[in-house]
file upload.tsv (TSV, C-alpha atoms and all ligand atoms)
chain	number	residue	atom	x	y	z
W	1	MET	CA	42.80	42.35	19.09
W	2	ALA	CA	42.32	41.11	15.55
W	3	GLN	CA	44.93	38.45	16.22
W	4	GLN	CA	43.17	37.53	19.46
W	5	ASP	CA	39.83	37.24	17.61
W	6	LYS	CA	41.44	35.06	14.98
W	7	THR	CA	42.91	32.85	17.69
W	8	SER	CA	39.67	32.54	19.57
W	9	ILE	CA	37.72	31.82	16.36
W	10	SER	CA	40.27	29.25	15.39
W	11	SER	CA	40.28	27.66	18.85
W	12	ARG	CA	36.46	27.62	18.85
W	13	HIS	CA	36.64	25.93	15.42
W	14	VAL	CA	39.10	23.36	16.77
W	15	ALA	CA	36.89	22.79	19.81
W	16	ARG	CA	33.80	22.39	17.56
W	17	ALA	CA	35.67	20.06	15.23
W	18	ALA	CA	36.81	18.03	18.23
W	19	SER	CA	33.32	17.82	19.65
W	20	THR	CA	31.97	16.85	16.21
W	21	THR	CA	34.56	14.10	16.03
W	22	LEU	CA	33.60	13.00	19.54
W	23	ALA	CA	29.88	13.02	18.62
W	24	ALA	CA	30.62	11.05	15.46
W	25	ALA	CA	32.64	8.55	17.47
W	26	THR	CA	29.83	8.22	20.04
W	27	LEU	CA	27.28	7.78	17.23
W	28	ALA	CA	29.50	5.21	15.53
W	29	SER	CA	29.91	3.24	18.73
W	30	SER	CA	26.18	3.37	19.55
W	31	THR	CA	25.36	2.35	15.97
W	32	ALA	CA	27.82	-0.50	16.32
W	33	LYS	CA	26.11	-1.49	19.58
W	34	GLY	CA	22.71	-1.14	17.90
W	35	ASP	CA	23.88	-3.31	15.04
W	36	SER	CA	24.58	-6.16	17.40
W	37	HIS	CA	20.81	-6.34	18.07
W	38	MET	CA	19.87	-6.21	14.37
W	39	ALA	CA	19.90	-9.15	12.01
W	40	GLU	CA	22.11	-8.26	9.08
W	41	GLN	CA	20.15	-7.89	5.85
W	42	PRO	CA	21.62	-9.95	3.02
W	43	LEU	CA	22.14	-8.26	-0.32
W	44	ILE	CA	19.52	-9.67	-2.68
W	45	ASP	CA	20.07	-9.74	-6.44
W	46	PRO	CA	16.69	-8.71	-7.93
W	47	VAL	CA	17.43	-10.58	-11.16
W	48	GLY	CA	17.80	-14.02	-9.65
W	49	ARG	CA	15.41	-13.60	-6.72
W	50	PHE	CA	12.35	-15.18	-8.32
W	51	PRO	CA	11.42	-17.54	-11.20
W	52	LYS	CA	11.89	-16.38	-14.78
W	53	PRO	CA	10.27	-17.56	-18.01
W	54	PRO	CA	9.70	-19.87	-19.73
W	55	PHE	CA	6.71	-20.84	-17.56
W	56	LYS	CA	4.70	-24.03	-17.80
W	57	LYS	CA	1.51	-23.81	-19.90
W	58	GLN	CA	-1.41	-23.48	-17.48
W	59	SER	CA	-4.91	-22.15	-17.42
W	60	GLN	CA	-7.69	-21.94	-14.85
W	61	PRO	CA	-11.29	-20.82	-15.07
W	62	TRP	CA	-11.77	-17.18	-13.97
W	63	PRO	CA	-11.02	-15.94	-11.28
W	64	GLY	CA	-8.39	-18.65	-10.63
W	65	LEU	CA	-6.61	-19.74	-7.46
W	66	ALA	CA	-3.10	-18.83	-6.36
W	67	GLY	CA	-2.93	-22.26	-4.71
W	68	LYS	CA	-3.16	-23.95	-8.12
W	69	MET	CA	-0.50	-21.91	-9.92
W	70	GLU	CA	2.87	-23.35	-10.90
W	71	PRO	CA	5.09	-22.00	-9.49
W	72	ARG	CA	2.99	-20.73	-6.57
W	73	PRO	CA	3.18	-16.95	-6.28
W	74	ASP	CA	5.07	-15.50	-3.32
W	75	HIS	CA	2.86	-13.17	-1.27
W	76	GLY	CA	5.32	-12.82	1.62
W	77	GLU	CA	3.88	-15.74	3.57
W	78	THR	CA	7.30	-16.72	4.93
W	79	SER	CA	9.31	-13.56	4.28
W	80	TYR	CA	7.44	-10.35	5.16
W	81	LYS	CA	8.50	-8.93	8.51
W	82	GLY	CA	6.51	-6.16	10.16
W	83	SER	CA	7.64	-3.44	12.54
W	84	GLY	CA	4.38	-2.03	13.92
W	85	ARG	CA	3.93	0.59	11.18
W	86	LEU	CA	0.15	0.09	11.02
W	87	ALA	CA	-0.56	-0.88	14.63
W	88	GLY	CA	-4.22	-0.23	15.45
W	89	ARG	CA	-5.30	0.43	11.84
W	90	LYS	CA	-8.39	-1.22	10.32
W	91	ALA	CA	-8.17	-2.12	6.66
W	92	LEU	CA	-10.53	-3.37	3.95
W	93	ILE	CA	-8.82	-4.98	0.95
W	94	THR	CA	-10.80	-6.10	-2.10
W	95	GLY	CA	-9.31	-9.07	-3.93
W	96	GLY	CA	-7.47	-9.79	-0.67
W	97	ASP	CA	-7.41	-13.55	-1.28
W	98	SER	CA	-4.61	-13.60	-3.86
W	99	GLY	CA	-2.07	-11.51	-5.74
W	100	MET	CA	-1.31	-7.96	-4.65
W	101	GLY	CA	-4.32	-7.90	-2.30
W	102	ARG	CA	-3.09	-10.96	-0.43
W	103	ALA	CA	0.44	-9.55	-0.18
W	104	ALA	CA	-1.03	-6.34	1.26
W	105	ALA	CA	-3.25	-8.29	3.70
W	106	ILE	CA	-0.33	-10.33	5.06
W	107	ALA	CA	1.91	-7.27	5.36
W	108	TYR	CA	-0.82	-5.14	6.98
W	109	ALA	CA	-1.50	-7.82	9.63
W	110	ARG	CA	2.23	-8.15	10.34
W	111	GLU	CA	2.40	-4.36	10.70
W	112	GLY	CA	-0.35	-4.56	13.35
W	113	ALA	CA	-3.58	-3.87	11.40
W	114	ASP	CA	-6.89	-5.73	11.55
W	115	VAL	CA	-7.90	-6.78	8.05
W	116	ALA	CA	-11.14	-7.54	6.18
W	117	ILE	CA	-10.81	-9.14	2.76
W	118	ASN	CA	-13.36	-9.41	-0.03
W	119	TYR	CA	-13.22	-11.99	-2.82
W	120	LEU	CA	-15.52	-14.17	-4.94
W	121	ALA	CA	-17.08	-17.31	-3.45
W	122	ALA	CA	-15.03	-19.51	-5.83
W	123	GLU	CA	-11.88	-18.20	-4.15
W	124	GLU	CA	-12.70	-19.46	-0.66
W	125	PRO	CA	-9.62	-21.78	-0.42
W	126	ASP	CA	-7.23	-18.87	-1.15
W	127	ALA	CA	-9.17	-16.59	1.21
W	128	GLN	CA	-9.04	-19.04	4.09
W	129	GLU	CA	-5.24	-19.24	3.81
W	130	VAL	CA	-5.06	-15.44	4.11
W	131	ILE	CA	-7.42	-15.32	7.10
W	132	ALA	CA	-5.34	-17.98	8.88
W	133	LEU	CA	-2.17	-15.91	8.31
W	134	VAL	CA	-3.84	-12.72	9.59
W	135	LYS	CA	-5.11	-14.49	12.71
W	136	LYS	CA	-1.66	-16.01	13.31
W	137	GLU	CA	-0.46	-12.44	13.87
W	138	GLY	CA	-3.05	-12.02	16.62
W	139	ARG	CA	-5.09	-9.64	14.44
W	140	THR	CA	-8.77	-9.78	13.48
W	141	GLY	CA	-9.26	-11.28	10.03
W	142	LEU	CA	-12.68	-10.94	8.40
W	143	ALA	CA	-13.61	-12.92	5.30
W	144	ILE	CA	-16.42	-11.24	3.35
W	145	PRO	CA	-17.11	-13.01	0.03
W	146	GLY	CA	-19.38	-11.34	-2.52
W	147	ASP	CA	-19.67	-9.90	-6.01
W	148	LEU	CA	-18.45	-6.32	-6.34
W	149	GLN	CA	-20.46	-5.86	-9.51
W	150	GLU	CA	-23.50	-5.28	-7.28
W	151	GLU	CA	-23.91	-1.87	-5.67
W	152	ALA	CA	-25.93	-3.28	-2.76
W	153	PHE	CA	-23.12	-5.72	-1.94
W	154	CYS	CA	-20.47	-2.96	-2.03
W	155	LYS	CA	-22.48	-1.04	0.57
W	156	ARG	CA	-22.92	-4.16	2.69
W	157	LEU	CA	-19.20	-4.91	2.44
W	158	VAL	CA	-18.34	-1.55	3.98
W	159	GLU	CA	-20.98	-1.87	6.73
W	160	GLN	CA	-19.86	-5.40	7.65
W	161	THR	CA	-16.23	-4.27	7.75
W	162	VAL	CA	-16.98	-1.30	10.00
W	163	GLN	CA	-19.03	-3.52	12.32
W	164	GLY	CA	-16.61	-6.44	12.33
W	165	LEU	CA	-13.42	-4.41	12.78
W	166	GLY	CA	-14.94	-1.64	14.90
W	167	GLY	CA	-14.05	1.04	12.33
W	168	LEU	CA	-12.29	1.57	9.03
W	169	ASP	CA	-9.29	3.72	8.12
W	170	ILE	CA	-7.52	2.04	5.19
W	171	ILE	CA	-9.33	1.01	1.98
W	172	VAL	CA	-7.45	-0.85	-0.73
W	173	ASN	CA	-9.53	-0.99	-3.91
W	174	ASN	CA	-7.56	-3.75	-5.55
W	175	ALA	CA	-10.00	-6.24	-7.13
W	176	ALA	CA	-10.19	-6.23	-10.90
W	177	ARG	CA	-11.39	-8.16	-13.92
W	178	GLN	CA	-8.99	-8.68	-16.83
W	179	GLN	CA	-9.82	-10.87	-19.83
W	180	ALA	CA	-7.64	-10.67	-22.94
W	181	ARG	CA	-9.47	-10.34	-26.29
W	182	GLY	CA	-7.50	-10.11	-29.53
W	183	SER	CA	-10.01	-7.77	-31.16
W	184	ILE	CA	-12.52	-5.17	-30.03
W	185	LEU	CA	-14.98	-7.27	-32.06
W	186	ASP	CA	-14.56	-10.06	-29.52
W	187	VAL	CA	-15.40	-7.84	-26.54
W	188	SER	CA	-19.10	-8.41	-25.85
W	189	SER	CA	-21.25	-5.79	-24.16
W	190	GLN	CA	-21.48	-8.21	-21.25
W	191	ASP	CA	-17.67	-8.37	-21.05
W	192	PHE	CA	-17.34	-4.62	-21.25
W	193	ASP	CA	-19.99	-4.12	-18.60
W	194	ALA	CA	-18.43	-6.65	-16.19
W	195	THR	CA	-14.99	-5.02	-16.51
W	196	MET	CA	-16.40	-1.53	-15.94
W	197	LYS	CA	-18.56	-2.66	-13.01
W	198	THR	CA	-15.71	-4.48	-11.24
W	199	ASN	CA	-12.89	-2.03	-11.91
W	200	ILE	CA	-14.60	1.38	-11.95
W	201	TYR	CA	-18.07	1.18	-10.36
W	202	ALA	CA	-17.06	-0.95	-7.35
W	203	PRO	CA	-14.40	1.50	-6.05
W	204	PHE	CA	-16.92	4.34	-6.63
W	205	TRP	CA	-19.61	2.54	-4.59
W	206	ILE	CA	-17.18	1.43	-1.87
W	207	ILE	CA	-15.63	4.87	-1.40
W	208	LYS	CA	-19.07	6.52	-1.22
W	209	ALA	CA	-20.23	4.05	1.42
W	210	ALA	CA	-16.99	4.35	3.41
W	211	LEU	CA	-16.53	8.11	3.38
W	212	PRO	CA	-18.80	8.86	6.37
W	213	HIS	CA	-16.64	6.48	8.45
W	214	LEU	CA	-13.22	7.84	7.43
W	215	LYS	CA	-11.51	10.12	9.94
W	216	PRO	CA	-8.61	12.48	9.17
W	217	GLY	CA	-5.49	10.31	8.73
W	218	SER	CA	-7.40	7.61	6.85
W	219	CYS	CA	-6.32	6.61	3.37
W	220	ILE	CA	-7.57	5.08	0.14
W	221	ILE	CA	-5.28	3.11	-2.17
W	222	GLY	CA	-6.24	2.02	-5.69
W	223	THR	CA	-4.38	-0.65	-7.62
W	224	THR	CA	-3.87	0.80	-11.08
W	225	SER	CA	-1.39	-0.48	-13.70
W	226	GLU	CA	1.26	0.34	-16.26
W	227	GLN	CA	-1.69	-0.35	-18.63
W	228	ALA	CA	-3.04	3.10	-17.68
W	229	TYR	CA	-0.25	4.70	-19.71
W	230	ASP	CA	0.82	2.03	-22.18
W	231	PRO	CA	-2.15	-0.21	-23.03
W	232	SER	CA	-1.68	-3.67	-24.55
W	233	PRO	CA	-3.63	-4.19	-27.79
W	234	ASP	CA	-5.58	-7.14	-26.35
W	235	LEU	CA	-6.69	-5.39	-23.14
W	236	TYR	CA	-9.02	-2.79	-24.68
W	237	ASP	CA	-11.60	-2.68	-21.89
W	238	TYR	CA	-9.29	-3.46	-18.95
W	239	ALA	CA	-6.59	-0.91	-19.83
W	240	GLN	CA	-9.05	1.98	-19.98
W	241	THR	CA	-10.32	1.12	-16.48
W	242	LYS	CA	-6.75	1.46	-15.22
W	243	ALA	CA	-6.49	4.93	-16.81
W	244	ALA	CA	-9.75	5.71	-14.95
W	245	THR	CA	-8.27	4.39	-11.70
W	246	THR	CA	-5.19	6.59	-12.00
W	247	ASN	CA	-7.49	9.49	-12.74
W	248	TYR	CA	-9.84	8.95	-9.79
W	249	VAL	CA	-6.84	8.64	-7.44
W	250	LYS	CA	-5.62	12.06	-8.54
W	251	ALA	CA	-9.06	13.69	-8.53
W	252	LEU	CA	-10.12	12.32	-5.14
W	253	ALA	CA	-6.76	13.23	-3.59
W	254	LYS	CA	-7.57	16.87	-4.40
W	255	GLN	CA	-11.17	16.58	-3.24
W	256	LEU	CA	-10.42	14.84	0.07
W	257	ALA	CA	-7.17	16.61	1.05
W	258	SER	CA	-8.97	19.14	3.23
W	259	LYS	CA	-10.63	16.25	5.12
W	260	GLY	CA	-7.21	14.77	5.88
W	261	ILE	CA	-7.86	11.68	3.75
W	262	ARG	CA	-5.03	10.64	1.46
W	263	VAL	CA	-5.66	8.85	-1.85
W	264	ASN	CA	-2.86	7.08	-3.73
W	265	GLY	CA	-2.28	4.37	-6.32
W	266	VAL	CA	0.04	1.44	-6.94
W	267	ALA	CA	0.97	0.66	-10.56
W	268	PRO	CA	2.29	-2.88	-10.99
W	269	GLY	CA	4.00	-4.19	-14.09
W	270	PRO	CA	3.66	-7.90	-15.00
W	271	ILE	CA	3.08	-9.75	-11.72
W	272	TRP	CA	2.64	-13.52	-11.29
W	273	THR	CA	-0.98	-13.80	-10.09
W	274	PRO	CA	-4.18	-15.80	-10.86
W	275	LEU	CA	-5.48	-12.87	-12.92
W	276	GLN	CA	-2.95	-13.77	-15.62
W	277	VAL	CA	-3.57	-17.54	-15.74
W	278	SER	CA	-7.37	-17.29	-15.80
W	279	GLY	CA	-7.85	-15.41	-19.06
W	280	GLY	CA	-5.90	-12.21	-18.33
W	281	ALA	CA	-3.04	-13.22	-20.63
W	282	THR	CA	-2.84	-15.40	-23.74
W	283	MET	CA	-0.95	-18.69	-23.34
W	284	GLU	CA	1.80	-17.31	-25.58
W	285	LYS	CA	2.24	-14.25	-23.33
W	286	LEU	CA	2.04	-16.39	-20.19
W	287	GLU	CA	4.89	-18.69	-21.19
W	288	LYS	CA	7.16	-15.66	-21.64
W	289	PHE	CA	5.55	-13.64	-18.84
W	290	GLY	CA	7.72	-10.79	-17.58
W	291	GLY	CA	10.61	-11.82	-19.83
W	292	MET	CA	10.51	-8.53	-21.73
W	293	THR	CA	11.23	-6.39	-18.66
W	294	PRO	CA	14.81	-5.30	-17.96
W	295	LEU	CA	14.86	-7.64	-14.93
W	296	GLY	CA	13.83	-10.47	-17.29
W	297	ARG	CA	11.12	-11.93	-15.06
W	298	PRO	CA	7.67	-11.15	-13.67
W	299	GLY	CA	7.33	-9.57	-10.26
W	300	GLN	CA	5.92	-11.52	-7.33
W	301	PRO	CA	3.11	-9.98	-5.23
W	302	VAL	CA	5.42	-9.76	-2.17
W	303	GLU	CA	7.63	-7.32	-4.08
W	304	LEU	CA	4.81	-4.75	-3.88
W	305	ALA	CA	3.78	-5.37	-0.25
W	306	SER	CA	5.99	-2.65	1.18
W	307	ILE	CA	4.51	-0.10	-1.25
W	308	TYR	CA	0.98	-0.75	0.06
W	309	VAL	CA	2.35	-0.43	3.61
W	310	GLN	CA	4.27	2.76	2.84
W	311	LEU	CA	1.26	4.49	1.27
W	312	ALA	CA	-0.94	3.55	4.25
W	313	ALA	CA	1.53	4.49	6.98
W	314	ALA	CA	1.04	7.73	8.90
W	315	ASP	CA	4.58	8.89	8.13
W	316	ALA	CA	3.66	9.12	4.42
W	317	SER	CA	1.49	12.11	5.39
W	318	TYR	CA	2.63	14.25	2.41
W	319	ALA	CA	1.94	11.53	-0.16
W	320	THR	CA	-1.47	12.00	-1.75
W	321	GLY	CA	-2.46	11.84	-5.39
W	322	GLN	CA	0.68	9.79	-6.04
W	323	VAL	CA	1.08	6.61	-8.05
W	324	TYR	CA	4.01	4.38	-7.05
W	325	GLY	CA	5.13	1.81	-9.59
W	326	ALA	CA	6.91	-1.55	-9.50
W	327	ALA	CA	7.40	-2.88	-13.00
W	328	GLY	CA	10.84	-4.47	-13.22
W	329	GLY	CA	12.47	-1.62	-15.09
W	330	SER	CA	9.95	-0.82	-17.78
W	331	GLY	CA	6.45	0.61	-17.65
W	332	GLN	CA	5.26	3.88	-16.21
W	333	PRO	CA	5.13	5.74	-13.84
S	401	LIG	P1	-5.70	-11.59	-8.55
S	401	LIG	O1	-6.48	-12.44	-9.45
S	401	LIG	O2	-4.93	-12.25	-7.48
S	401	LIG	O3	-6.62	-10.51	-7.86
S	401	LIG	C1	-7.77	-9.98	-8.46
S	401	LIG	C2	-8.91	-10.20	-7.48
S	401	LIG	O4	-10.05	-9.49	-7.94
S	401	LIG	C3	-9.34	-11.64	-7.37
S	401	LIG	O5	-8.63	-12.33	-6.37
S	401	LIG	C4	-10.82	-11.52	-7.03
S	401	LIG	O6	-11.03	-11.77	-5.65
S	401	LIG	C5	-11.14	-10.06	-7.29
S	401	LIG	N1	-12.35	-9.91	-8.10
S	401	LIG	C6	-12.47	-9.92	-9.45
S	401	LIG	N2	-13.75	-9.75	-9.81
S	401	LIG	C7	-14.46	-9.62	-8.66
S	401	LIG	C8	-15.84	-9.41	-8.37
S	401	LIG	N3	-16.75	-9.25	-9.34
S	401	LIG	N4	-16.20	-9.35	-7.07
S	401	LIG	C9	-15.30	-9.48	-6.07
S	401	LIG	N5	-13.99	-9.66	-6.29
S	401	LIG	C10	-13.58	-9.72	-7.58
S	401	LIG	O7	-4.75	-10.73	-9.48
S	401	LIG	P2	-3.81	-9.48	-9.19
S	401	LIG	O8	-2.94	-9.40	-10.38
S	401	LIG	O9	-3.22	-9.51	-7.86
S	401	LIG	O10	-4.82	-8.26	-9.28
S	401	LIG	C11	-4.87	-7.26	-8.29
S	401	LIG	C12	-4.81	-5.90	-8.93
S	401	LIG	O11	-3.57	-5.74	-9.58
S	401	LIG	C13	-5.88	-5.65	-10.00
S	401	LIG	O12	-6.40	-4.36	-9.80
S	401	LIG	C14	-5.09	-5.70	-11.28
S	401	LIG	O13	-5.69	-4.92	-12.27
S	401	LIG	C15	-3.79	-5.14	-10.83
S	401	LIG	N6	-2.65	-5.38	-11.71
S	401	LIG	C16	-2.19	-6.64	-11.90
S	401	LIG	C17	-1.10	-6.83	-12.72
S	401	LIG	C18	-0.52	-8.21	-12.95
S	401	LIG	O14	0.32	-8.36	-13.83
S	401	LIG	N7	-0.91	-9.22	-12.23
S	401	LIG	C19	-0.49	-5.76	-13.35
S	401	LIG	C20	-0.99	-4.48	-13.14
S	401	LIG	C21	-2.07	-4.31	-12.32
S	402	MG	MG	-8.10	-14.41	-6.26

call {"tool": "encode", "arguments": {"input": "upload.tsv", "output": "structure tokens", "more": "lines below"}}
Ligand code: NAD
Ligand code: MG
result
Amino acid sequence: MAQQDKTSISSRHVARAASTTLAAATLASSTAKGDSHMAEQPLIDPVGRFPKPPFKKQSQPWPGLAGKMEPRPDHGETSYKGSGRLAGRKALITGGDSGMGRAAAIAYAREGADVAINYLAAEEPDAQEVIALVKKEGRTGLAIPGDLQEEAFCKRLVEQTVQGLGGLDIIVNNAARQQARGSILDVSSQDFDATMKTNIYAPFWIIKAALPHLKPGSCIIGTTSEQAYDPSPDLYDYAQTKAATTNYVKALAKQLASKGIRVNGVAPGPIWTPLQVSGGATMEKLEKFGGMTPLGRPGQPVELASIYVQLAAADASYATGQVYGAAGGSGQP
């Protein structure tokens, strides 16, 4: 009897092993078949993928244009490929004309979302390029210029987005002011006020205006920075607004969890954007920009696009109060 049991157990084991092998073989052959429909992804060396310092001396008046930078930043215009991850979503992105905001706008449209972007009037040429790319995907693209330092405009921005897109379920609070000053003595009250208004008050006003429109499943994303944890000596006012951004992301995530609204942050390291060439970095820092990171180069906005998509996608439903970084090997988190 015991022998019989042993035999039957062992034959069941053999049968299971055989069926596992068969299943594995079937899976392998279907994967092989599937592969024939998929374009093979090339291995990309992150070190050599994009330009490294030294960079050409250049400077633009604030807020600067991506279209006038040398080399031009890569926002994924020719490379980002979507797969329907945000189909049907309606997104508002501040600073959506250039830099990380533009990379997010292009990626969101290619993932199937309608997109409203806010920017300053001086940035119209950059903004129009983004709107054309969004429309090329067959999505609605709304251009809403205006100054986020004004509370009344922030409220109007939300209302115009809701009206123009027919709703709102993704907010990317990405716009920011960054002006390097060697000493605290050089930071005027006007400077300090403008940085606080743009980087801290505007997200506060926008979120308050948007909240009544946000249904469960909606999300808020704030662009924070490695500066939140490791401030540069010449970014006294800016760096503290990034600490505040990281903090509001974590606080609001707790407050809004029960409403089904997720709140997360993206923390870039040194990224090649107009912010840096229009007073955000000294010329000395700009020429060597990103060179001190382990990858030896600055990031390009497109290298963060998938993070903005991931945090907005419905399958990231357990991610709230998180800050995802992309800083080339240094920086936190
Ligand atoms: P960017 O210049 O392309 O984007 C900043 C945008 O802010 C501008 O395009 C502008 O439209 C908007 N803006 C500024 N003041 C405004 C105002 N008063 N009203 C309306 N819009 C206003 O630069 P970026 O680097 O892509 O910046 C995007 C975000 O990334 C910012 O939050 C910035 O702090 C953050 N960040 C950038 C870096 C970097 O190295 N570039 C690093 C860490 C974090
Ligand atoms: Mg811009």

call {"tool": "closest_residue", "arguments": {"input": "upload.tsv", "among": "W:Ala251, W:Ala107, W:Ala210, W:Ile93", "to": "W:Ala175", "atoms": "all atoms listed in the file"}}
result
W:Ile93

call {"tool": "residues_near_ligand", "arguments": {"input": "upload.tsv", "ligand": "ligand LIG 401 (chain S)", "cutoff": "8 Å", "atoms": "all atoms listed in the file", "output": "number ranges by chain"}}
result
W: 63-66, 94-102, 118-120, 123, 145-149, 173-178, 194, 197-199, 222-227, 238, 242, 267-276, 298-299, 301

call {"tool": "atom_distance", "arguments": {"input": "upload.tsv", "atom1": "atom CA of W:Gly164", "atom2": "atom CA of W:Ala202"}}
result
20.4 Å

call {"tool": "atom_distance", "arguments": {"input": "upload.tsv", "atom1": "atom CA of W:Ser258", "atom2": "atom CA of W:Ile170"}}
result
17.3 Å

call {"tool": "residues_around", "arguments": {"input": "upload.tsv", "residues": "stretch 132-142 of chain W", "least_positions_apart": "2", "cutoff": "7 Å", "atoms": "only C-alpha atoms", "output": "CSV table (one decimal) with C-alpha atoms, keeping the file's coordinate frame"}}
result
chain,number,residue,atom,x,y,z
W,106,ILE,CA,-0.3,-10.3,5.1
W,109,ALA,CA,-1.5,-7.8,9.6
W,110,ARG,CA,2.2,-8.2,10.3
W,113,ALA,CA,-3.6,-3.9,11.4
W,114,ASP,CA,-6.9,-5.7,11.6
W,115,VAL,CA,-7.9,-6.8,8.0
W,116,ALA,CA,-11.1,-7.5,6.2
W,117,ILE,CA,-10.8,-9.1,2.8
W,128,GLN,CA,-9.0,-19.0,4.1
W,129,GLU,CA,-5.2,-19.2,3.8
W,130,VAL,CA,-5.1,-15.4,4.1
W,144,ILE,CA,-16.4,-11.2,3.4

call {"tool": "closest_residue", "arguments": {"input": "upload.tsv", "among": "W:Gly48, W:Pro233, W:Gly76, W:Pro294", "to": "W:Ser306", "atoms": "only C-alpha atoms"}}
result
W:Gly76

call {"tool": "residues_around", "arguments": {"input": "upload.tsv", "residues": "stretch 279-291 of chain W", "least_positions_apart": "5", "cutoff": "8 Å", "atoms": "all atoms listed in the file", "output": "list in words"}}
result
Lys52, Pro53, Pro54, Phe55, Lys56, Lys57, Gln58, Ser59, Gln60, Pro61, Trp62, Gln178, Gln179, Ala180, Pro270, Ile271, Gly296, Arg297, Pro298 and Gly299 of chain W

call {"tool": "residues_around", "arguments": {"input": "upload.tsv", "residues": "W:Gly88", "least_positions_apart": "2", "cutoff": "7 Å", "atoms": "all atoms listed in the file", "output": "PDB file with C-alpha atoms, in the frame of the given file"}}
result
ATOM      1  CA  LEU W  86       0.150   0.090  11.020  1.00  0.00           C
ATOM      2  CA  LYS W  90      -8.390  -1.220  10.320  1.00  0.00           C
ATOM      3  CA  GLY W 112      -0.350  -4.560  13.350  1.00  0.00           C
ATOM      4  CA  ALA W 113      -3.580  -3.870  11.400  1.00  0.00           C
TER       5      ALA W 113
END
